[in-house]
Structures are given as C-alpha cells and as structure tokens.
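Text of final12.txt (compact mmCIF, C-alpha atoms) as supplied:
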# COMPACT_ATOMS: atom_id res chain seq x y z
CA MET A 1 30.83 22.21 3.10
CA PRO A 2 32.86 20.11 0.58
CA GLU A 3 32.57 17.23 2.99
CA ALA A 4 28.82 17.53 3.11
CA ALA A 5 28.70 17.77 -0.67
CA ALA A 6 30.84 14.65 -1.01
CA ARG A 7 28.60 12.77 1.40
CA SER A 8 25.58 13.87 -0.52
CA VAL A 9 27.09 12.62 -3.78
CA ILE A 10 27.97 9.30 -2.24
CA SER A 11 24.60 8.82 -0.64
CA ARG A 12 22.90 9.80 -3.88
CA ARG A 13 25.01 7.34 -5.84
CA THR A 14 24.32 4.65 -3.26
CA ALA A 15 20.64 5.41 -3.42
CA LEU A 16 20.71 5.41 -7.20
CA ARG A 17 22.30 1.99 -7.22
CA ALA A 18 19.68 0.72 -4.79
CA MET A 19 16.93 2.23 -6.89
CA CYS A 20 18.33 0.61 -10.04
CA SER A 21 18.38 -2.79 -8.33
CA ALA A 22 14.88 -2.29 -7.08
CA ALA A 23 13.82 -1.07 -10.51
CA LEU A 24 15.11 -4.34 -11.98
CA VAL A 25 12.77 -6.23 -9.72
CA VAL A 26 9.88 -3.84 -10.16
CA VAL A 27 10.26 -3.27 -13.89
CA ALA A 28 10.55 -6.99 -14.52
CA GLY A 29 7.16 -7.39 -12.90
CA CYS A 30 5.71 -4.48 -14.81
CA ARG A 31 2.97 -4.94 -17.29
CA PRO A 32 1.73 -2.13 -19.47
CA SER A 33 -1.76 -1.21 -18.46
CA GLY A 34 -3.76 0.63 -21.03
CA HIS A 35 -0.71 0.92 -23.24
CA SER A 36 0.40 -1.38 -25.99
CA ALA A 37 4.03 -0.34 -26.04
CA ASP A 38 5.16 -3.75 -24.87
CA PRO A 39 2.64 -6.39 -25.86
CA THR A 40 5.01 -9.19 -24.91
CA GLY A 41 5.65 -7.88 -21.42
CA ASP A 42 4.25 -10.76 -19.45
CA GLY A 43 6.03 -10.07 -16.22
CA THR A 44 7.74 -13.42 -16.17
CA SER A 45 11.36 -12.37 -16.56
CA SER A 46 13.27 -12.42 -13.33
CA GLY A 47 15.17 -9.37 -12.21
CA VAL A 48 16.71 -11.37 -9.41
CA GLY A 49 17.79 -14.04 -11.84
CA THR A 50 19.35 -11.37 -14.02
CA ALA A 51 21.49 -10.25 -11.14
CA ALA A 52 22.61 -13.79 -10.49
CA ALA A 53 23.34 -14.32 -14.18
CA ASN A 54 25.51 -11.23 -14.15
CA GLY A 55 27.70 -12.94 -11.61
CA ARG A 56 27.14 -10.54 -8.77
CA GLY A 57 25.55 -11.39 -5.47
CA PRO A 58 22.05 -10.32 -4.58
CA SER A 59 21.72 -6.65 -3.69
CA ALA A 60 20.26 -5.45 -0.42
CA SER A 61 17.03 -4.69 -2.29
CA GLU A 62 16.88 -8.20 -3.69
CA VAL A 63 17.45 -9.70 -0.26
CA THR A 64 14.68 -7.53 1.18
CA ALA A 65 12.32 -8.39 -1.69
CA HIS A 66 12.95 -12.12 -1.18
CA ARG A 67 12.39 -11.87 2.55
CA ILE A 68 9.06 -10.11 2.08
CA GLY A 69 8.27 -12.67 -0.61
CA GLU A 70 8.57 -15.39 2.03
CA ASP A 71 6.00 -13.56 4.16
CA GLU A 72 3.70 -13.39 1.14
CA LYS A 73 4.10 -17.14 0.60
CA ALA A 74 3.16 -17.75 4.23
CA LEU A 75 0.04 -15.62 3.79
CA ILE A 76 -0.89 -17.51 0.62
CA ALA A 77 -0.54 -20.74 2.59
CA ALA A 78 -2.72 -19.37 5.38
CA TYR A 79 -5.45 -18.59 2.84
CA ASP A 80 -5.07 -22.06 1.32
CA ASP A 81 -5.53 -23.62 4.75
CA ALA A 82 -8.54 -21.44 5.52
CA MET A 83 -10.24 -22.22 2.21
CA ALA A 84 -9.50 -25.94 2.50
CA ALA A 85 -11.17 -25.99 5.93
CA ASN A 86 -13.99 -23.63 4.90
CA PRO A 87 -14.76 -24.02 1.19
CA GLU A 88 -17.77 -21.74 1.58
CA LEU A 89 -15.35 -18.85 2.14
CA ALA A 90 -13.65 -19.27 -1.23
CA ALA A 91 -15.58 -16.43 -2.88
CA LEU A 92 -14.51 -14.04 -0.13
CA LEU A 93 -10.96 -15.26 0.38
CA GLY A 94 -9.96 -16.19 -3.16
CA PRO A 95 -9.50 -12.60 -4.37
CA LEU A 96 -7.46 -11.74 -1.27
CA ARG A 97 -5.20 -14.74 -1.84
CA ALA A 98 -4.82 -13.64 -5.47
CA ASP A 99 -3.57 -10.24 -4.28
CA HIS A 100 -0.79 -11.94 -2.31
CA VAL A 101 0.20 -13.94 -5.37
CA LYS A 102 0.54 -10.64 -7.25
CA HIS A 103 2.62 -9.22 -4.40
CA LEU A 104 4.91 -12.23 -4.48
CA LEU A 105 5.38 -12.02 -8.26
CA ALA A 106 6.06 -8.28 -8.13
CA LEU A 107 8.71 -8.86 -5.46
CA VAL A 108 10.21 -12.04 -6.87
CA PRO A 109 9.33 -12.34 -10.56
CA GLY A 110 8.83 -15.95 -11.57
CA ALA A 111 8.48 -17.21 -8.00
CA PRO A 112 6.45 -20.41 -7.71
CA THR A 113 3.07 -19.57 -6.23
CA SER A 114 1.22 -22.87 -6.12
CA GLY A 115 3.78 -25.18 -4.54
CA ALA A 116 3.50 -26.10 -0.90
CA PRO A 117 5.48 -23.72 1.26
CA THR A 118 8.03 -24.97 3.74
CA SER A 119 5.63 -24.30 6.58
CA SER A 120 1.91 -23.80 6.62
CA THR A 121 2.19 -21.52 9.61
CA PRO A 122 2.84 -17.92 8.65
CA SER A 123 6.06 -16.77 10.27
CA LEU A 124 5.13 -13.13 10.48
CA LYS A 125 5.17 -12.53 14.20
CA PRO A 126 5.66 -15.26 16.77
CA SER A 127 3.80 -13.11 19.28
CA VAL A 128 0.51 -13.63 17.45
CA PRO A 129 -1.06 -16.91 18.48
CA PRO A 130 -3.78 -18.51 16.38
CA ALA A 131 -7.16 -17.14 17.35
CA PRO A 132 -8.77 -19.53 19.80
CA PRO A 133 -11.94 -21.04 18.35
CA SER A 134 -14.11 -19.38 20.97
CA SER A 135 -12.74 -15.86 20.52
CA ALA A 136 -15.22 -14.67 17.92
CA SER A 137 -18.05 -17.11 18.12
CA THR A 138 -20.44 -14.44 19.33
CA SER A 139 -20.24 -12.25 16.24
CA THR A 140 -21.56 -14.14 13.28
CA ALA A 141 -23.65 -11.72 11.27
CA LEU A 142 -22.09 -12.53 7.90
CA ALA A 143 -19.89 -15.52 8.59
CA SER A 144 -20.94 -18.87 9.92
CA PRO A 145 -19.97 -19.64 13.53
CA SER A 146 -17.12 -21.80 12.33
CA ALA A 147 -15.92 -19.23 9.78
CA SER A 148 -15.74 -16.21 12.03
CA PRO A 149 -12.61 -17.27 13.95
CA VAL A 150 -10.97 -18.08 10.61
CA LEU A 151 -11.68 -14.56 9.34
CA ASP A 152 -10.46 -13.09 12.61
CA ARG A 153 -7.25 -15.04 12.37
CA LEU A 154 -6.61 -14.03 8.77
CA GLY A 155 -7.47 -10.44 9.63
CA SER A 156 -4.96 -10.54 12.44
CA LEU A 157 -2.29 -11.94 10.11
CA GLU A 158 -3.02 -9.20 7.57
CA HIS A 159 -2.88 -6.55 10.26
CA ASP A 160 0.53 -7.79 11.39
CA ALA A 161 1.71 -8.06 7.78
CA ALA A 162 0.74 -4.44 7.14
CA ALA A 163 2.68 -3.38 10.25
CA ALA A 164 5.67 -5.42 9.12
CA ARG A 165 5.60 -3.74 5.70
CA VAL A 166 6.05 -0.35 7.37
CA ASP A 167 9.25 -1.67 8.93
CA ASP A 168 10.23 -3.19 5.57
CA VAL A 169 9.75 0.19 3.90
CA MET A 170 12.34 1.57 6.30
CA SER A 171 14.92 -0.98 5.12
CA SER A 172 14.16 -0.46 1.43
CA SER A 173 14.69 2.49 -0.85
CA GLY A 174 13.37 4.07 -4.01
CA SER A 175 10.98 2.05 -6.13
CA LEU A 176 11.19 -1.04 -3.92
CA ALA A 177 10.15 1.07 -0.91
CA ARG A 178 7.23 2.39 -2.96
CA LEU A 179 6.18 -1.14 -3.96
CA VAL A 180 6.47 -2.44 -0.40
CA ALA A 181 4.47 0.50 0.94
CA SER A 182 1.72 -0.26 -1.57
CA ILE A 183 1.70 -3.93 -0.59
CA GLY A 184 1.31 -2.83 3.03
CA GLY A 185 -1.65 -0.69 1.97
CA CYS A 186 -3.29 -3.70 0.37
CA GLU A 187 -2.71 -5.78 3.49
CA ALA A 188 -4.18 -3.07 5.71
CA ALA A 189 -7.24 -3.00 3.45
CA HIS A 190 -7.46 -6.81 3.62
CA ALA A 191 -7.42 -6.61 7.42
CA ALA A 192 -10.26 -4.07 7.36
CA LEU A 193 -12.30 -6.14 4.91
CA LEU A 194 -11.84 -9.32 6.96
CA GLN A 195 -12.76 -7.53 10.18
CA GLY A 196 -15.95 -6.33 8.54
CA ALA A 197 -16.76 -9.81 7.24
CA ALA A 198 -16.13 -11.44 10.61
CA ARG A 199 -18.65 -9.18 12.32
CA MET B 1 24.49 -0.02 1.99
CA SER B 2 21.77 1.33 4.18
CA GLY B 3 18.27 1.73 2.88
CA THR B 4 17.59 4.48 5.36
CA THR B 5 20.11 7.01 4.09
CA SER B 6 18.88 10.10 2.32
CA SER B 7 17.62 8.99 -1.06
CA ALA B 8 16.46 12.16 -2.78
CA ALA B 9 17.54 15.65 -3.58
CA PRO B 10 15.70 18.23 -1.44
CA ASP B 11 13.80 19.49 -4.49
CA GLU B 12 12.38 16.03 -5.16
CA LEU B 13 11.24 15.74 -1.58
CA ILE B 14 9.58 19.15 -1.61
CA ALA B 15 7.88 18.33 -4.91
CA ALA B 16 6.59 15.04 -3.48
CA LEU B 17 5.30 16.81 -0.36
CA LEU B 18 3.58 19.48 -2.45
CA ALA B 19 1.94 16.75 -4.52
CA VAL B 20 0.70 15.08 -1.33
CA ALA B 21 -0.71 18.41 -0.12
CA GLY B 22 -2.48 18.80 -3.47
CA ALA B 23 -4.01 15.34 -3.17
CA GLU B 24 -5.14 16.03 0.39
CA ASN B 25 -6.72 19.32 -0.68
CA ALA B 26 -8.52 17.58 -3.54
CA ALA B 27 -9.72 14.83 -1.18
CA ILE B 28 -11.05 17.39 1.31
CA TYR B 29 -12.97 19.11 -1.46
CA GLY B 30 -14.18 15.81 -2.90
CA TYR B 31 -15.48 14.54 0.43
CA SER B 32 -17.38 17.78 0.98
CA VAL B 33 -19.05 17.33 -2.42
CA ALA B 34 -19.69 13.59 -2.05
CA GLY B 35 -21.12 13.82 1.47
CA ALA B 36 -24.33 15.48 0.29
CA HIS B 37 -25.14 12.47 -1.92
CA LEU B 38 -24.57 9.76 0.70
CA ASP B 39 -27.08 8.28 3.12
CA ALA B 40 -26.85 9.20 6.79
CA HIS B 41 -24.64 6.27 7.78
CA ASP B 42 -22.19 6.70 4.93
CA ARG B 43 -22.21 10.46 5.42
CA ALA B 44 -21.03 9.97 8.99
CA VAL B 45 -18.25 7.70 7.79
CA ALA B 46 -17.32 10.21 5.09
CA ARG B 47 -17.23 12.96 7.69
CA GLY B 48 -14.64 10.98 9.63
CA HIS B 49 -12.57 10.48 6.49
CA TYR B 50 -12.86 14.19 5.71
CA ASP B 51 -11.50 15.00 9.18
CA THR B 52 -8.64 12.57 8.63
CA HIS B 53 -7.70 14.30 5.38
CA ARG B 54 -7.82 17.69 7.11
CA ALA B 55 -5.50 16.40 9.83
CA GLN B 56 -3.18 14.90 7.22
CA LEU B 57 -3.04 18.20 5.34
CA GLN B 58 -2.02 19.87 8.59
CA ALA B 59 0.74 17.31 9.04
CA VAL B 60 1.96 17.74 5.46
CA SER B 61 1.98 21.52 5.86
CA GLY B 62 4.13 21.05 8.93
CA TRP B 63 6.56 18.80 7.05
CA LEU B 64 6.82 21.42 4.32
CA SER B 65 7.42 24.32 6.68
CA ASP B 66 10.02 22.23 8.55
CA ARG B 67 11.85 22.26 5.22
CA GLY B 68 11.36 25.92 4.53
CA ALA B 69 8.55 25.48 2.01
CA THR B 70 4.88 26.37 2.10
CA PRO B 71 2.05 24.45 0.49
CA SER B 72 0.35 26.09 -2.44
CA PRO B 73 -3.09 27.41 -1.51
CA PRO B 74 -5.90 25.15 -2.68
CA PRO B 75 -7.30 26.18 -6.05
CA ALA B 76 -10.52 28.16 -5.94
CA VAL B 77 -12.21 25.70 -8.27
CA TYR B 78 -11.58 21.98 -8.59
CA ALA B 79 -12.30 19.94 -11.65
CA LEU B 80 -13.54 16.72 -10.09
CA PRO B 81 -12.36 13.58 -11.86
CA LYS B 82 -15.92 12.20 -11.78
CA ARG B 83 -19.37 13.76 -11.93
CA VAL B 84 -21.29 13.22 -8.70
CA THR B 85 -25.04 12.79 -9.09
CA ASP B 86 -25.97 10.06 -6.60
CA ALA B 87 -24.59 7.78 -3.89
CA ALA B 88 -22.91 5.45 -6.38
CA SER B 89 -21.07 8.20 -8.21
CA ALA B 90 -20.17 9.80 -4.87
CA SER B 91 -18.59 6.55 -3.68
CA ALA B 92 -16.82 6.17 -7.03
CA LEU B 93 -15.35 9.66 -6.64
CA LEU B 94 -14.08 8.84 -3.15
CA VAL B 95 -12.50 5.60 -4.40
CA GLN B 96 -10.63 7.56 -7.06
CA LEU B 97 -9.58 10.32 -4.66
CA GLU B 98 -8.20 7.76 -2.20
CA GLU B 99 -6.28 6.02 -4.98
CA THR B 100 -4.74 9.36 -5.94
CA THR B 101 -3.96 10.08 -2.30
CA ALA B 102 -2.32 6.66 -1.96
CA ALA B 103 -0.32 7.29 -5.14
CA ARG B 104 1.09 10.58 -3.88
CA TYR B 105 2.08 8.99 -0.56
CA ALA B 106 3.67 6.10 -2.46
CA ASP B 107 5.75 8.63 -4.38
CA LEU B 108 6.67 10.33 -1.11
CA VAL B 109 7.79 6.99 0.34
CA ALA B 110 10.17 6.61 -2.60
CA VAL B 111 11.99 9.89 -1.92
CA ALA B 112 11.61 10.44 1.84
CA ASP B 113 13.61 8.89 4.63
CA GLY B 114 13.41 8.36 8.37
CA SER B 115 10.22 9.22 10.20
CA LEU B 116 8.76 10.97 7.16
CA ARG B 117 9.00 7.80 5.09
CA ARG B 118 7.34 5.83 7.86
CA ALA B 119 4.55 8.41 8.17
CA ALA B 120 4.02 8.29 4.40
CA ALA B 121 3.78 4.49 4.43
CA LEU B 122 1.20 4.64 7.23
CA ALA B 123 -0.77 7.35 5.43
CA LEU B 124 -0.81 5.18 2.30
CA GLN B 125 -2.31 2.37 4.38
CA GLY B 126 -5.00 4.72 5.66
CA ALA B 127 -5.91 5.73 2.12
CA ALA B 128 -6.04 2.07 1.04
CA VAL B 129 -8.38 1.21 3.91
CA ARG B 130 -10.68 4.13 3.04
CA GLN B 131 -10.56 3.13 -0.62
CA GLU B 132 -11.73 -0.36 0.38
CA ARG B 133 -14.52 1.19 2.47
CA TRP B 134 -15.97 3.00 -0.55
CA SER B 135 -15.41 0.33 -3.19
CA GLY B 136 -16.11 -2.78 -1.10
CA HIS B 137 -13.08 -4.58 -2.46
CA CYS B 138 -9.30 -4.41 -2.32
CA VAL B 139 -6.83 -3.60 -5.07
CA PRO B 140 -3.50 -5.43 -5.02
CA PHE B 141 -1.34 -2.31 -5.31
CA PRO B 142 -3.10 0.74 -3.90
CA GLY B 143 -1.41 3.89 -5.15
CA LEU B 144 0.27 1.98 -7.97
CA THR B 145 -2.82 0.97 -9.93
CA GLY B 146 -1.92 1.20 -13.59
CA ARG B 147 1.77 1.28 -12.76
CA LEU B 148 2.14 -2.40 -11.85
CA PRO B 149 0.35 -5.65 -12.71
CA SER B 150 -3.10 -5.55 -11.22

Show how you would write the structure in this file as structure tokens.
Amino acid sequence: MPEAAARSVISRRTALRAMCSAALVVVAGCRPSGHSADPTGDGTSSGVGTAAANGRGPSASEVTAHRIGEDEKALIAAYDDAMAANPELAALLGPLRADHVKHLLALVPGAPTSGAPTSSTPSLKPSVPPAPPSSASTSTALASPSASPVLDRLGSLEHDAAAARVDDVMSSSGSLARLVASIGGCEAAHAALLQGAAR
Amino acid sequence: MSGTTSSAAPDELIAALLAVAGAENAAIYGYSVAGAHLDAHDRAVARGHYDTHRAQLQAVSGWLSDRGATPSPPPAVYALPKRVTDAASASALLVQLEETTAARYADLVAVADGSLRRAAALALQGAAVRQERWSGHCVPFPGLTGRLPS
C-alpha cells in the first residue's frame, strides 16, 4: 500500500513535470481567441528556447515536439512541391499547407517555416512509395488527370502522418499529447478531404 | 521519463470519460434532429455517423464500468447549441457537435494512458473527419479550436 502510494506520487510528479514542459511549448504558441487578456501574445516566444536558456537540456516533451515538427516540415515541403508542379491546385492545397505551418509553430514556436527543408521527400514512412503516375488516372471527376495522382500521394502522406501521430501521442503526455492528438485529427481530415478531391 | 506512465488521478480520468459520454450523448441527439433536415444522400451519411456515435458511447460506457463508474443517463431534454431549420443549419450543428466531441476526446488523451489514450486519439481523428464532412474544410486543431492559434 505505501509502496503503491509512493509510486503514484512519483509518477504524478513525473507527469506534472512533463506536463509543465509541454505547457511551455503549448502556452508559448497560445494566442487568446476571443479574449483580449493578452493583446501582445503573438505566439512567437520559444518555449524550447526558454529551456535552453535556462541551461537545462531539452525535455522528453521537447524532443518529441521537435521530432514531430520535422514531420510537419516534410509535409509542408511536399505541399510546396505539389503546388509548384500544379499551380492550379493552389486554392485547394494552400489552406492545408497553412495548417501544417500552424502545427509546426505550435510544436516548435519560432521555427522557420519558409526555408527549404533538408529533404524534399517526406520521411514519414519509408514503406510508402510515391504514387505511380498511372495509379489514379481513371478517377478525375474534380481534379485534372495530372493532378489526381498528386492528390492521392498527398492524401496517402496525410493518412500516414495521422497514423504516426497516434504513436506520437503514446510517447507524449499531458498537454503535448492533447496537441499532438489534435494535429493527428487535422491530418486525418486532410486525408479525407484529399481523397474526396482526387475522386 | 516515460510518457506512457499513468498521468492522471483516477478522478480526473473518470471526469474526462464522463465528459466524453456527455458529448457522445449530445451528438447522438443532435444527429437525430439534424437528419430530418438533410437531403437523402446526406441523411444516409448522417445515419452512419449517428451509428458511430452510438458505438462510441457503448465503448465509453465500457471504459467507465471497467473503472467502477457508470455514465450519467442522457438528459431528457437537450438545449442544442444551434437552431436547426434547414440543411445548412443542420450541417452547422453537426460541425459544432463534432468539434465538441473532438474536444472531449482531446481532454481524455491528456489524462488517459495506454490503450485508452490510443483509443481516444483515434476517436478524435474520427470526429475531425466527420467535422470536415459537414463543413467542407479542415480546421488546424480540431478539438482545440479557441484554445490554440487557429
């Protein structure tokens, strides 16, 4: 009994610490919505930078947030590639790209979002090959024949990203887990929207 | 430090589960109201979403009873967050109900662990996909709208 209680206290303290670290990241990206309590809150201060400035190493939450941030950068790059090759898709894809920029900034406040990433190939899952050009050429109701495989490919990336976020949720805690779960929800919705557009 | 250790007092977890059950009950009621205002195609889609919410409520009830708690019975009368008079207002209601559902699952993710946390994250994704179905667009942070930059 005392042993269980002690374990519970420790795990709660550990969890609290994790939640505080995550809260740093999340709160730094927070912007009042419909409230004017913090008119200067522009979401640009960096929770991760604060940790570094305090002289301690990155927490597990910060490491997780940065790793997911890299996935978000890869997705942003995939959208950039798709829109460069198919400018007519900008109206459809632009808002989805913008969501990933918001994800990145919520995870890693102040992260550069317009610079070229290290690789233009998303590194989400090596098992997902690019969609072959012929794979979706028969379904072109909304998209042009050349656009449909692009939408399929992005939809597949979003689908895999959403699945990866579920795993990421399992290695996060507290408010970071909540944020990551929400990002996964957005990516699942992106996948559904792209599937619908590709048909 | 493991992110998968227990991260909430039992009371917090029960409260989060009860809140999810409340959201599922509200969604079930809302879909039954909205369905009558939708065209045949959308009504069929809504029927599928209604069934999903019923199944989710069953799952949540199971999670609660596993922990020695029982879900509160659904209220006899719901105050819908939006007035439903036509297809547009019906869709708007469903968008709002799915956002609320996503929000309660997001809160559950924050306090649950293990398979329950995974199930909550997947349920949030389902709500986000349904929300997109009724609004026609995506929100960057489903379940956290108004709580984060959007």

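Ranking A:Asp168, A:Glu72, A:Asp160, A:Glu187 by their shortest atom-to-atom distance to Cys138 in chain B, with all atoms listed in the file included, puts A:Glu187 first.
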
For a quick test of understanding: name the residues of chain B lying within 6 Å of chain A when counting only C-alpha atoms, and present them as a PDB file with C-alpha atoms, keeping the file's coordinate frame.
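The result, stored in out30.pdb:
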ATOM      1  CA  GLY B   3      18.270   1.730   2.880  1.00  0.00           C
ATOM      2  CA  SER B   7      17.620   8.990  -1.060  1.00  0.00           C
ATOM      3  CA  ALA B 106       3.670   6.100  -2.460  1.00  0.00           C
ATOM      4  CA  VAL B 109       7.790   6.990   0.340  1.00  0.00           C
ATOM      5  CA  ALA B 110      10.170   6.610  -2.600  1.00  0.00           C
ATOM      6  CA  ALA B 121       3.780   4.490   4.430  1.00  0.00           C
ATOM      7  CA  LEU B 124      -0.810   5.180   2.300  1.00  0.00           C
ATOM      8  CA  GLN B 125      -2.310   2.370   4.380  1.00  0.00           C
ATOM      9  CA  ALA B 128      -6.040   2.070   1.040  1.00  0.00           C
ATOM     10  CA  VAL B 129      -8.380   1.210   3.910  1.00  0.00           C
ATOM     11  CA  PRO B 140      -3.500  -5.430  -5.020  1.00  0.00           C
ATOM     12  CA  PHE B 141      -1.340  -2.310  -5.310  1.00  0.00           C
ATOM     13  CA  PRO B 142      -3.100   0.740  -3.900  1.00  0.00           C
ATOM     14  CA  GLY B 146      -1.920   1.200 -13.590  1.00  0.00           C
ATOM     15  CA  LEU B 148       2.140  -2.400 -11.850  1.00  0.00           C
ATOM     16  CA  PRO B 149       0.350  -5.650 -12.710  1.00  0.00           C
TER      17      PRO B 149
END

Inset, instruction - Quick one: pull the distance between CA of Tyr105 in chain B and CA of Ala120 in chain B, Å, one decimal. - result: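 Result for CA of Tyr105 in chain B versus CA of Ala120 in chain B: 5.4 Å, one decimal.
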
Legend entry - Who sits within 10 Å of Arg83 in chain B, all atoms listed in the file, same chain under 6 positions skipped, as a ChimeraX atom specification: /B:34,89-90,92-93

Inset, instruction - Go through B:Arg104, B:His137, B:His41, B:Arg117 and flag the residue nearest Leu18 in chain B, using all atoms listed in the file for the distances. - result: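 Selected residue with least distance to Leu18 in chain B: B:Arg104.
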
Legend entry - Between CA of Ala23 in chain B and CA of Pro71 in chain B - distance in Å to one decimal: 11.5 Å

Legend entry - Interatomic distance (Å, one decimal) between CA of Ala36 in chain B and CA of Ala87 in chain B: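 CA of Ala36 in chain B sits 8.8 Å away from CA of Ala87 in chain B.
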